[in-house]
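As provided, coords_4.txt (compact mmCIF, C-alpha atoms and all ligand atoms) reads as follows.
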# COMPACT_ATOMS: atom_id res chain seq x y z
CA MET A 1 168.73 81.54 122.26
CA PRO A 2 169.64 78.57 120.03
CA ARG A 3 167.82 78.69 116.76
CA ILE A 4 166.31 75.24 117.20
CA ILE A 5 164.62 76.22 120.48
CA THR A 6 163.31 79.46 118.97
CA SER A 7 161.83 77.43 116.11
CA LEU A 8 160.22 75.02 118.54
CA LEU A 9 158.74 77.87 120.55
CA LEU A 10 157.44 79.52 117.41
CA ALA A 11 156.00 76.22 116.23
CA GLY A 12 154.41 75.79 119.63
CA ALA A 13 152.99 79.29 119.54
CA CYS A 14 151.62 78.66 116.06
CA TRP A 15 150.05 75.42 117.20
CA LEU A 16 148.53 77.14 120.20
CA GLY A 17 147.34 79.93 117.94
CA THR A 18 145.66 77.45 115.64
CA ALA A 19 144.09 75.59 118.52
CA SER A 20 142.67 78.74 120.09
CA ALA A 21 141.37 79.91 116.70
CA ALA A 22 139.58 76.59 116.27
CA ASP A 23 138.17 76.86 119.76
CA ALA A 24 137.22 80.47 119.21
CA THR A 25 133.76 79.75 117.79
CA ILE A 26 131.29 81.07 120.34
CA ASN A 27 128.60 78.49 121.04
CA VAL A 28 125.28 80.20 121.58
CA VAL A 29 122.06 78.50 122.63
CA ALA A 30 118.82 80.45 122.23
CA THR A 31 115.52 79.29 123.70
CA ILE A 32 113.42 80.23 120.64
CA PRO A 33 114.20 80.46 116.91
CA ASP A 34 113.46 84.21 116.83
CA LEU A 35 116.31 84.85 119.26
CA ALA A 36 118.54 82.32 117.48
CA GLU A 37 118.14 84.27 114.23
CA PHE A 38 119.04 87.53 115.95
CA ALA A 39 122.05 85.85 117.62
CA ARG A 40 123.29 84.69 114.19
CA ARG A 41 122.89 88.22 112.83
CA ILE A 42 124.70 89.86 115.75
CA GLY A 43 127.39 87.19 116.16
CA GLY A 44 128.02 86.68 112.44
CA ASP A 45 130.93 84.32 111.69
CA LEU A 46 132.01 84.33 115.32
CA VAL A 47 129.09 82.26 116.56
CA GLU A 48 127.42 78.92 116.12
CA VAL A 49 123.81 79.12 117.26
CA ASN A 50 121.28 76.47 118.23
CA SER A 51 117.68 76.96 119.31
CA LEU A 52 115.95 74.72 121.85
CA ALA A 53 112.41 75.30 120.55
CA THR A 54 111.72 74.77 116.85
CA GLY A 55 108.81 77.23 116.80
CA VAL A 56 105.84 74.85 116.81
CA GLU A 57 105.79 74.27 120.58
CA ASP A 58 104.00 75.92 123.46
CA ILE A 59 106.86 78.08 124.73
CA HIS A 60 105.62 77.57 128.29
CA ALA A 61 106.00 73.79 127.92
CA VAL A 62 108.80 72.96 125.47
CA PRO A 63 109.32 69.17 125.69
CA MET A 64 112.79 68.50 127.08
CA LYS A 65 115.18 66.35 125.07
CA PRO A 66 118.51 64.88 126.27
CA SER A 67 120.20 66.74 123.40
CA PHE A 68 119.24 70.07 125.03
CA ALA A 69 121.44 69.35 128.08
CA VAL A 70 124.34 68.49 125.76
CA LEU A 71 123.92 71.74 123.82
CA LEU A 72 123.69 73.75 127.04
CA ASN A 73 126.72 71.98 128.49
CA LYS A 74 128.83 73.18 125.54
CA ALA A 75 127.33 76.67 125.38
CA ASN A 76 129.37 79.80 125.97
CA LEU A 77 126.27 81.97 125.91
CA LEU A 78 122.59 81.36 126.58
CA VAL A 79 120.05 83.79 125.12
CA VAL A 80 116.60 83.83 126.73
CA MET A 81 113.37 85.82 126.37
CA GLY A 82 113.22 86.20 130.17
CA LEU A 83 110.18 87.31 132.20
CA GLU A 84 109.85 83.65 133.23
CA MET A 85 108.78 82.67 129.72
CA GLU A 86 111.10 79.65 129.85
CA HIS A 87 110.27 78.85 133.45
CA ALA A 88 108.64 75.48 132.71
CA PHE A 89 111.66 73.87 131.11
CA LEU A 90 114.86 75.90 131.45
CA PRO A 91 115.72 75.64 135.18
CA GLY A 92 115.72 71.81 135.04
CA LEU A 93 117.79 71.82 131.86
CA LEU A 94 120.35 74.19 133.34
CA GLU A 95 120.70 71.93 136.34
CA ALA A 96 121.26 68.92 134.07
CA ALA A 97 123.72 70.80 131.84
CA ARG A 98 126.21 71.57 134.65
CA ASN A 99 127.62 74.64 132.93
CA PRO A 100 128.35 77.46 135.39
CA LYS A 101 128.99 79.95 132.53
CA ILE A 102 125.30 80.14 131.61
CA LEU A 103 123.55 79.83 134.94
CA ARG A 104 121.15 82.61 135.83
CA ASP A 105 123.20 85.60 137.07
CA ALA A 106 126.37 84.28 135.35
CA PRO A 107 127.77 86.55 132.59
CA GLY A 108 126.86 84.06 129.84
CA TYR A 109 123.14 84.16 130.70
CA ILE A 110 121.69 86.88 128.47
CA ASP A 111 118.17 88.01 129.30
CA CYS A 112 116.83 89.84 126.24
CA SER A 113 113.90 91.40 128.11
CA THR A 114 116.08 93.94 129.94
CA TYR A 115 115.07 96.96 127.84
CA VAL A 116 111.59 95.81 126.83
CA THR A 117 108.65 97.84 128.13
CA VAL A 118 106.71 95.00 129.73
CA LEU A 119 102.94 94.79 129.24
CA ASP A 120 100.37 93.17 131.56
CA VAL A 121 102.55 93.45 134.66
CA PRO A 122 100.48 91.95 137.48
CA THR A 123 99.63 94.22 140.38
CA ARG A 124 100.38 91.39 142.76
CA LEU A 125 102.64 88.39 142.36
CA ASP A 126 100.85 85.19 143.25
CA ARG A 127 102.25 82.04 141.74
CA SER A 128 99.63 79.97 143.53
CA LEU A 129 97.18 81.16 140.85
CA GLY A 130 99.24 79.16 138.37
CA ASP A 131 99.65 82.10 136.07
CA GLN A 132 102.25 81.54 133.34
CA HIS A 133 103.07 85.27 133.22
CA PRO A 134 104.06 86.14 136.81
CA LEU A 135 106.36 89.01 135.77
CA GLY A 136 104.14 90.41 133.04
CA ASN A 137 103.57 89.26 129.49
CA PRO A 138 106.72 87.68 127.98
CA HIS A 139 105.53 87.35 124.35
CA TYR A 140 107.29 90.47 123.09
CA ASN A 141 108.82 88.59 120.16
CA LEU A 142 105.69 89.43 118.13
CA ASP A 143 106.46 93.16 118.37
CA PRO A 144 109.35 94.05 116.05
CA VAL A 145 110.03 97.29 117.97
CA ALA A 146 110.38 95.36 121.23
CA MET A 147 112.67 92.99 119.36
CA LYS A 148 114.97 95.94 118.62
CA ASP A 149 115.24 96.34 122.40
CA ALA A 150 115.95 92.62 122.68
CA ALA A 151 118.64 92.85 119.99
CA ARG A 152 120.38 95.64 121.90
CA ALA A 153 120.38 93.62 125.14
CA MET A 154 121.72 90.65 123.21
CA MET A 155 124.54 92.69 121.65
CA GLU A 156 125.51 94.05 125.06
CA GLY A 157 125.50 90.52 126.48
CA PHE A 158 127.76 89.31 123.67
CA ALA A 159 130.13 92.26 124.16
CA ARG A 160 130.21 91.77 127.93
CA ASN A 161 131.49 88.24 127.41
CA TYR A 162 133.68 88.91 124.36
CA PRO A 163 134.81 92.57 124.56
CA GLU A 164 137.46 91.90 121.90
CA HIS A 165 134.63 91.52 119.35
CA GLU A 166 132.51 94.44 120.50
CA ASP A 167 133.02 96.45 117.30
CA THR A 168 131.87 93.54 115.15
CA PHE A 169 128.80 92.95 117.31
CA LYS A 170 127.90 96.65 117.18
CA LYS A 171 128.27 96.79 113.41
CA ASN A 172 126.13 93.67 112.98
CA LEU A 173 123.50 95.06 115.35
CA ALA A 174 123.33 98.29 113.34
CA ALA A 175 122.68 96.29 110.15
CA LEU A 176 119.97 94.24 111.88
CA GLU A 177 118.32 97.39 113.27
CA ALA A 178 118.34 99.00 109.83
CA ASP A 179 116.63 95.94 108.32
CA LEU A 180 114.06 95.92 111.13
CA ASP A 181 113.36 99.64 110.70
CA THR A 182 112.70 99.18 106.98
CA ASN A 183 110.30 96.33 107.70
CA ILE A 184 108.61 98.11 110.62
CA SER A 185 107.69 101.06 108.35
CA ARG A 186 106.25 98.65 105.80
CA TRP A 187 104.39 96.58 108.44
CA GLU A 188 102.85 99.70 109.98
CA ARG A 189 101.57 100.78 106.55
CA GLU A 190 100.20 97.32 105.77
CA ALA A 191 98.50 97.05 109.18
CA VAL A 192 96.38 100.19 108.81
CA PRO A 193 93.15 98.22 107.99
CA LEU A 194 93.61 96.28 111.25
CA LYS A 195 93.37 99.36 113.45
CA GLY A 196 90.69 99.00 116.11
CA LYS A 197 89.81 95.43 115.11
CA LYS A 198 88.91 93.34 118.14
CA PHE A 199 90.19 89.81 118.58
CA VAL A 200 90.07 87.00 121.09
CA SER A 201 93.03 84.62 121.21
CA TYR A 202 93.46 81.34 123.01
CA HIS A 203 96.36 82.59 125.15
CA PRO A 204 97.46 86.20 125.74
CA ASP A 205 100.45 85.93 123.40
CA LEU A 206 99.41 88.66 120.95
CA VAL A 207 99.21 91.66 123.28
CA TYR A 208 102.49 93.20 122.05
CA PHE A 209 101.49 92.52 118.45
CA ALA A 210 98.11 94.16 119.11
CA GLU A 211 99.69 97.17 120.81
CA ARG A 212 102.15 97.67 117.95
CA PHE A 213 99.64 97.38 115.12
CA GLY A 214 96.61 99.03 116.74
CA LEU A 215 94.40 95.98 117.31
CA ASP A 216 92.25 95.47 120.40
CA ALA A 217 93.15 92.32 122.38
CA PHE A 218 89.62 91.79 123.66
CA GLY A 219 90.01 88.63 125.70
CA THR A 220 91.26 85.05 125.82
CA ILE A 221 89.75 81.59 125.69
CA GLU A 222 92.00 80.71 128.62
CA ILE A 223 90.82 82.25 131.87
CA ARG A 224 94.32 83.58 132.44
CA ALA A 225 97.69 82.65 130.94
CA GLY A 226 97.95 78.90 131.48
CA ILE A 227 94.58 78.53 133.21
CA ASP A 228 92.27 76.31 131.14
CA PRO A 229 88.82 77.64 130.26
CA THR A 230 85.66 76.55 132.06
CA PRO A 231 82.20 76.39 130.41
CA ALA A 232 81.13 79.41 132.48
CA HIS A 233 84.12 81.44 131.26
CA ILE A 234 83.38 80.53 127.62
CA GLU A 235 79.70 81.50 127.94
CA GLU A 236 80.63 84.82 129.54
CA LEU A 237 83.27 85.45 126.84
CA ILE A 238 80.84 84.64 124.01
CA GLY A 239 78.27 87.00 125.51
CA ARG A 240 80.75 89.85 125.71
CA MET A 241 82.04 89.13 122.18
CA GLN A 242 78.49 89.25 120.75
CA ARG A 243 77.75 92.53 122.55
CA ASP A 244 81.00 94.17 121.45
CA LYS A 245 81.10 92.67 117.92
CA VAL A 246 84.51 91.03 118.05
CA ASP A 247 86.01 90.60 114.58
CA LEU A 248 88.48 87.73 114.96
CA VAL A 249 89.23 84.60 116.94
CA VAL A 250 92.91 83.69 116.85
CA ARG A 251 93.95 80.12 117.47
CA GLU A 252 97.66 79.96 118.06
CA ARG A 253 98.61 76.77 116.28
CA HIS A 254 99.81 74.86 119.34
CA TYR A 255 96.42 75.19 121.07
CA PRO A 256 93.44 72.87 120.41
CA ALA A 257 91.21 73.81 117.48
CA GLY A 258 87.75 72.77 118.68
CA LEU A 259 87.03 75.42 121.26
CA ALA A 260 88.36 78.28 119.13
CA GLU A 261 86.16 77.04 116.25
CA THR A 262 83.11 76.91 118.51
CA VAL A 263 83.70 80.42 119.83
CA ALA A 264 84.17 81.75 116.30
CA GLN A 265 81.03 79.99 115.01
CA ARG A 266 78.84 81.17 117.86
CA THR A 267 79.95 84.79 117.60
CA GLY A 268 80.34 85.10 113.84
CA ALA A 269 83.95 86.13 114.26
CA LYS A 270 86.48 84.99 111.63
CA LEU A 271 88.87 82.26 112.78
CA VAL A 272 92.56 82.89 112.12
CA GLU A 273 95.29 80.37 112.87
CA LEU A 274 98.65 81.93 113.65
CA PRO A 275 102.18 80.86 114.57
CA VAL A 276 103.71 82.68 117.53
CA MET A 277 107.38 81.96 116.83
CA VAL A 278 109.67 81.73 113.82
CA GLY A 279 109.26 78.19 112.45
CA GLY A 280 105.64 77.91 113.60
CA VAL A 281 104.53 77.53 109.96
CA PRO A 282 106.75 76.85 106.93
CA GLU A 283 106.18 80.41 105.65
CA ALA A 284 107.54 81.87 108.90
CA LYS A 285 111.01 80.66 108.09
CA ASP A 286 112.58 83.80 109.50
CA TYR A 287 111.50 86.78 111.61
CA THR A 288 110.36 88.86 108.65
CA GLY A 289 108.35 85.87 107.42
CA LEU A 290 106.70 85.46 110.83
CA ILE A 291 105.40 89.03 111.06
CA ASP A 292 104.47 89.04 107.36
CA TYR A 293 102.48 85.83 107.80
CA ASN A 294 100.58 87.03 110.88
CA LEU A 295 99.73 90.44 109.45
CA ARG A 296 98.61 89.01 106.12
CA ALA A 297 96.49 86.26 107.74
CA MET A 298 94.70 88.87 109.86
CA LEU A 299 94.28 91.26 106.93
CA LYS A 300 92.81 88.48 104.82
CA ALA A 301 90.32 87.66 107.58
CA VAL A 302 89.14 91.24 108.18
CA GLN A 303 89.02 92.09 104.47
CA GLY A 304 86.65 89.23 103.76
CA GLY A 305 89.05 86.63 102.38
CA ALA A 306 88.77 82.96 103.18
ZN ZN B 1 102.35 83.00 127.61
Step by step, read the file and then write its structure as structure tokens.
Amino acid sequence: MPRIITSLLLAGACWLGTASAADATINVVATIPDLAEFARRIGGDLVEVNSLATGVEDIHAVPMKPSFAVLLNKANLLVVMGLEMEHAFLPGLLEAARNPKILRDAPGYIDCSTYVTVLDVPTRLDRSLGDQHPLGNPHYNLDPVAMKDAARAMMEGFARNYPEHEDTFKKNLAALEADLDTNISRWEREAVPLKGKKFVSYHPDLVYFAERFGLDAFGTIEIRAGIDPTPAHIEELIGRMQRDKVDLVVRERHYPAGLAETVAQRTGAKLVELPVMVGGVPEAKDYTGLIDYNLRAMLKAVQGGA
């Protein structure tokens, strides 16, 4: 082969090589910041990750922005909590994004709930009730042990789509799991004074947190997930709380303050305001910060702090 043609081919191959390297960044979109952080840990330098929610929203009603469809259109992978948590906003966005790689049931759609032991699974499925948790409670991000399950599902999803990087993903997952294990031991020690403490929250988004750290999720201000309270429900709840001496009322920060304050005042329970996702308060800048913040806020309340 003439030398000039060989050189041209080599140059072409080099150019192609460069182009594919530049294109090689894996675009990941996560629905919530907690999953985005885990995706960055597992994907490392191979990924660029964006989150749809910033952490301050109601996850069942994240306001849609045109930029979301653009992000999803360019995504190679989509990482979701699953269990219909994103039901209110994701199906419409996926339709607008026109990206077959990340449609439900496509390989790029990674449901992180696969290995999670789901709590509050309804005995009958009846969407007509308007329940926001038709497949069971989806708020497992507040349980760091469940999030280890989520991390494993995420790693497997990454490796399924990019088997050439499986070793890197596995190594990164192992490092993430080790960090989580260290923190989980510490959190379980710190949470000891919370054992058996009863709380009412606005929405049932702390049931995994309660299960992990030994609290008693006594009831909710909502009648059911997504069903607004009625005066009769609140009176009945207050009566039960007074009888059973409930310690805490949790207002998740995206729910209205007034009713939670009233319930706390009338029952003598301490009011605690908590974020439910990374980014929900400035201190919860990462996953460790989120669990730290929630545990410490509850500890402060039960130990007589302000
Ligand atoms: Zn919910």
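With all atoms listed in the file as the atoms that count, the minimum distance from ligand ZN 1 (chain B) to the choices A:Ala61, A:Leu271, A:Ala260, A:Val70 is reached by A:Ala61.
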Atomic distance CA of Ala225 (chain A) - CA of Asp286 (chain A), expressed in Å with one decimal
26.1 Å
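Distance annotation: of A:Pro144, A:Gly219, A:Pro107, A:Pro100, the residue with the minimal separation from Leu176 (chain A) is A:Pro144; atom set is all atoms listed in the file.
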At most 10 Å is the cut-off: for each residue in chain A with any atom that close to an atom of ligand ZN 1 (chain B), write down the nearest atom pair and the distance in Å rounded to one decimal, counting all atoms listed in the file, chain first then increasing number, as a tab-separated table.
residue	atom	partner	partner_atom	distance
A:Asp58	CA	B:ZN1	ZN	8.4
A:Ile59	CA	B:ZN1	ZN	7.3
A:His60	CA	B:ZN1	ZN	6.4
A:Ala61	CA	B:ZN1	ZN	9.9
A:Glu84	CA	B:ZN1	ZN	9.4
A:Met85	CA	B:ZN1	ZN	6.8
A:Glu86	CA	B:ZN1	ZN	9.6
A:Asp131	CA	B:ZN1	ZN	8.9
A:Gln132	CA	B:ZN1	ZN	5.9
A:His133	CA	B:ZN1	ZN	6.1
A:Pro134	CA	B:ZN1	ZN	9.9
A:Gly136	CA	B:ZN1	ZN	9.4
A:Asn137	CA	B:ZN1	ZN	6.6
A:Pro138	CA	B:ZN1	ZN	6.4
A:His139	CA	B:ZN1	ZN	6.3
A:His203	CA	B:ZN1	ZN	6.5
A:Pro204	CA	B:ZN1	ZN	6.1
A:Asp205	CA	B:ZN1	ZN	5.5
A:Leu206	CA	B:ZN1	ZN	9.2
A:Arg224	CA	B:ZN1	ZN	9.4
A:Ala225	CA	B:ZN1	ZN	5.7
A:Gly226	CA	B:ZN1	ZN	7.2
Tell me which protein, DNA and RNA residues are within 6 Å of region 49-57 of chain A, counting only C-alpha atoms, leaving out same-chain ones fewer than 5 positions away, and put them as an MDAnalysis selection string.
chainID A and resid 28:33 36 62 277:280
Work out how far CA of Asp247 (chain A) is from CA of Phe199 (chain A), in Å to one decimal.
5.8 Å
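Take CA of Asn73 (chain A) and CA of Val281 (chain A): the distance between them is 29.4 Å.
Across A:Lys300, A:Arg41, A:Asp120, A:Arg189, the tightest approach to Arg152 (chain A) is made by A:Arg41 when counting all atoms listed in the file.
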Report as a ChimeraX atom specification all protein, DNA and RNA residues lying within 12 Å of Ile184 (chain A), evaluated on only C-alpha atoms, omitting residues in the same chain fewer than 2 positions from it.
/A:142-148,177-182,186-191,209,212-213,287-288,291-292,295
Region 153-163 of chain A surroundings by all atoms listed in the file, 6 Å radius, close-in-sequence under 3 positions cut, as a list in words:
Ile110, Cys112, Ala150 and Glu166 of chain A
Using the selection just defined, write its residues with C-alpha atoms as a compact mmCIF listing (two decimals), in the frame of the given file.
# COMPACT_ATOMS: atom_id res chain seq x y z
CA ILE A 110 121.69 86.88 128.47
CA CYS A 112 116.83 89.84 126.24
CA ALA A 150 115.95 92.62 122.68
CA GLU A 166 132.51 94.44 120.50
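Between Thr123 (chain A) and the residues A:Arg266, A:Ile42, A:Leu135, A:Leu78, the shortest atom-to-atom distance, using all atoms listed in the file, involves A:Leu135.
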List as a PyMOL selection string the protein and nucleic acid residues near Arg240 (chain A), meaning an atom at most 12 Å away when only C-alpha atoms are counted, but skip any in the same chain fewer than 3 places from it.
chain A and resi 198-200+218-220+233-237+243-246+263+266-267
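Distance check against Lys197 (chain A) using all atoms listed in the file: of A:Asp228, A:Glu211, A:Asp216, A:Asp149, the minimum falls on A:Asp216.
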